[in-house]
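Novice: This is the structure I have questions about; it appears just below.
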Amino acid sequence: MKYDVSELIYKSISKTITPEEEEILKEWLSIPSNKELFEKIIDADAINNKISVYGKIDIDKAYKRIQPRLSVNSMPFYKQVLKYAAIFIGLFVATVYFFQRKGENNVPQSLKITEEQIILRTSDGLVKTLEDNATEELTDEDGNVLGIQNGDSLIYRNNQSTETLVYNTLIVPYGKRFKIILSDGTLVHLNAGTSLRYPVRFIEDTDRQVFLDGEAYFDVAEDKEHSFVVNANTLDVLVHGTQFNVTAYPENKTVDVALVEGSVGLYTNENKGDEVFLQPGQLGAFSKENGLVNVKKINTTFYTSWINGELVFRALSFDEITKRLERYYNVSIVNHNKAMGKELFNASFLNQSVENVLIYFDETHNIKYTIENNQVIIN
Amino acid sequence: MDVTKHLFLLVKEGDEKAFRLLFDSLYPRLCAFSLNFVHEKFDTEEIVGDVFVKLWRKRGKLDKVEHPKSYLYRMCYNASMDFIKKKGNAPIRLNPKTHGTSTIMKELIIEEEVHSILFKAMDSLPKKCRRVFELSCIEGLRYKDIAEDLQISLNTVKSQRSRAIELLRVQLKDYSFLYLLLGLL
């Protein structure tokens, strides 16, 4: 992290620093200019002075002052013109830069993958990160235990009955996967780049409803009295105790539902009474463009293997494959070869590094790629 | 910990609550930072307020921002410089040209971060605890002098001091506190 030296200095002042951190700080302080900065920061007068500055700031008042300006989005005409002028200049600069770059030799670099955290957002707007492999209790505002995080899964309890629905949202970034067990015992596997909004506890006499953006595998706990409904973009999936996979990434043209076991009905708000039912082993592809559901027979393992960390591509376009690799590894891939983007490939990978996957495509399909600015570029 | 990206993502989606959290956490320290360049506290509040409005209006274009916090500091620096230019003859408190912009920026940011973390941490302490903590850890007074100053026993000084440190240590383990209040963005 860029500024974590601030954290170390804070810990040093507040005597909460650990011996290891102390060592790091000592090393940092061995540079005279750093030492000078340190002395300046920990000076009691400087701190008291600053505290009086902070203390005089009324945040609520300040926010009320800017709030009226947040809703207006109008921009004066001359500024709009300037904006477009700026875009043209930007394009020009980018083009020049691009041609200059072409002359240089591309030295292959390795990819640095940034790790992002899984986020839990509660109904009152609080945001909490879930650390990998942590075991931690999850409580509500009043300190009641809602559930427990155990490594890569979050398990909600069903120990108290409630009258109102309280929603949490779990956001899984690219490069991560996660599992959640809802208060009714339904197990949900969440793929990379997915968010799921769900009630912390389901309530009596109401449908069990969750909201999905991205990809998830559901193993729904049977409860004949309470239907389970997955809202995936505009498509709703009505469930009758069952296992199925829903792929509803915003960038995809379709919402895909692959049924493994049981029975599901697909419907939208417009045609509520007119559900399309799927049989096990079938895929329902709901088109976001025309609202029609296309049903076909599939091998469901191709749609569910991701829950075991496996990447399986069957007759999949290269464009779709790169998108999946981006999500799986949290990398950025730019493909300039439009023709290849439409070509279909078969491949599967288990526990491979992104480098190995790229090398595989290079060797078998002769894709030419370079790594620039931490991006994979395919020409 | 890449929480700001997510907080920024929420801001990008038009989540005003997330925006408010960002504002609450960073507004005071950005004002204090701006005070390095601009004389009047009143002006700094205006400048930083404008920066947040600007951030909100361009929320759809924050994708390429890699370090949101440095980005905001940078925005405040630029806005402060614009303000000075507009005022014409207003004196610049720190001349970045003679100091070397990037080093001084970095140092000012570190200073601001430490002080704002410290302020928020102290603010969370019970009153008595806080006073002992201030005198001991910031002013560097001896236990004996603190006891005299506050008219309490030596043992009370010691126990209040260790209680303060323990409370702060617990805080550091609380991730939500960590990144919302300490602003590890």
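Labels for the structure tokens follow display order: chains A, B, ..., residues from 1 in each chain, ligands from 1.
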I'd like a table as a Markdown table: residues in chain B with an atom no more than 6 Å from chain A, each row giving the shortest atom pair and its distance in Å to one decimal, only C-alpha atoms counted, sorted by chain and rising residue number.

Specialist:
| residue | atom | partner | partner_atom | distance |
| --- | --- | --- | --- | --- |
| B:Asp2 | CA | A:Glu116 | CA | 5.5 |
| B:Pro28 | CA | A:Tyr54 | CA | 5.8 |
| B:Ile110 | CA | A:Ser6 | CA | 5.3 |
| B:Glu111 | CA | A:Ile41 | CA | 5.8 |
| B:Glu113 | CA | A:Ser6 | CA | 5.9 |
| B:Val114 | CA | A:Ser6 | CA | 5.1 |
| B:Ile138 | CA | A:Ala44 | CA | 5.6 |
| B:Glu139 | CA | A:Ala44 | CA | 5.5 |
| B:Arg169 | CA | A:Thr16 | CA | 5.8 |
| B:Ser176 | CA | A:Lys128 | CA | 5.3 |

Novice: Could you write those residues out with N, CA and C atoms, as a JSON list (two decimals), in the first residue's frame?

Specialist:
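Result file is out07.json:
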[["chain", "number", "residue", "atom", "x", "y", "z"],
["B", 2, "ASP", "N", -8.51, -3.35, -0.99],
["B", 2, "ASP", "CA", -8.88, -2.46, -2.07],
["B", 2, "ASP", "C", -10.33, -2.01, -1.94],
["B", 28, "PRO", "N", -12.45, 16.51, 6.28],
["B", 28, "PRO", "CA", -11.62, 17.31, 7.20],
["B", 28, "PRO", "C", -10.14, 17.29, 6.81],
["B", 110, "ILE", "N", 1.31, 12.23, 3.94],
["B", 110, "ILE", "CA", 1.62, 11.36, 5.08],
["B", 110, "ILE", "C", 1.25, 12.07, 6.39],
["B", 111, "GLU", "N", 1.65, 13.34, 6.48],
["B", 111, "GLU", "CA", 1.37, 14.11, 7.69],
["B", 111, "GLU", "C", -0.14, 14.17, 7.96],
["B", 113, "GLU", "N", -2.48, 12.22, 6.82],
["B", 113, "GLU", "CA", -3.04, 10.91, 7.14],
["B", 113, "GLU", "C", -2.83, 10.56, 8.60],
["B", 114, "VAL", "N", -1.59, 10.74, 9.08],
["B", 114, "VAL", "CA", -1.31, 10.40, 10.48],
["B", 114, "VAL", "C", -2.19, 11.22, 11.41],
["B", 138, "ILE", "N", 1.29, 11.95, 23.48],
["B", 138, "ILE", "CA", 1.54, 13.06, 22.56],
["B", 138, "ILE", "C", 2.45, 14.11, 23.18],
["B", 139, "GLU", "N", 2.09, 14.54, 24.40],
["B", 139, "GLU", "CA", 2.93, 15.55, 25.06],
["B", 139, "GLU", "C", 4.20, 14.94, 25.64],
["B", 169, "ARG", "N", -5.95, -0.55, 20.17],
["B", 169, "ARG", "CA", -5.48, -1.79, 19.56],
["B", 169, "ARG", "C", -6.65, -2.61, 19.04],
["B", 176, "SER", "N", -14.02, -2.61, 9.59],
["B", 176, "SER", "CA", -14.92, -1.55, 9.14],
["B", 176, "SER", "C", -14.46, -0.23, 9.71]]

Novice: Mind the document's chain letters and residue numbers, and return as a PyMOL selection string the residues of region 15-50 of chain B that DSSP labels alpha helix (DSSP H).

Specialist: chain B and resi 16-34+41-50

Novice: Please list as a PyMOL selection string every residue within 7 Å of region 11-19 of chain B, counting only C-alpha atoms and excluding residues in the same chain fewer than 6 positions away.

Specialist: (chain A and resi 125) or (chain B and resi 59-60+62)

Novice: Contacts of Phe286 (chain A) at 6 Å or less, counting only C-alpha atoms, minus same-chain residues fewer than 5 places along, as a list in words?

Specialist: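 Listing them by chain and then by number gives Thr254, Val255, Leu292 and Val293 of chain A.
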
Novice: How far is it from CA of Leu146 (chain A) to CA of Val264 (chain A), in Å with one decimal?

Specialist: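 According to the coordinates, CA of Leu146 (chain A) and CA of Val264 (chain A) are separated by 29.2 Å.
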
Novice: Figure out the distance between CA of Ser123 (chain A) and CA of Val170 (chain B), please, to one decimal in Å.

Specialist: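 Atom-to-atom, CA of Val170 (chain B) and CA of Ser123 (chain A) are spaced 24.8 Å apart.
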
Novice: Counting only C-alpha atoms, which residue out of A:Asp319, A:Glu36, A:Glu310, A:Glu136 sits closest to Asn150 (chain A)?

Specialist: A:Glu136

Novice: Identify, with DSSP run on backbone atoms, the residues in region 112-356 of chain A assigned to strand (DSSP E), and express the list as a ChimeraX atom specification.

Specialist: /A:118-122,127-130,135-139,145-150,153-156,167-172,178-181,187-190,194-199,208-219,228-232,235-239,243-248,254-261,264-268,276-278,282-287,293-297,310-317,332-335,344-350

Novice: For a test of reading the model, state the distance in Å between CA of Asp219 (chain A) and CA of Glu251 (chain A), rounded to one decimal.

Specialist: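 Straight-line distance from CA of Asp219 (chain A) to CA of Glu251 (chain A) works out to 25.0 Å.
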
Novice: If we count only C-alpha atoms, what is near His336 (chain A) at a cut-off of 9 Å, once residues fewer than 4 positions away on the same chain are taken out, given as number ranges by chain?

Specialist: A: 340-341, 377-379
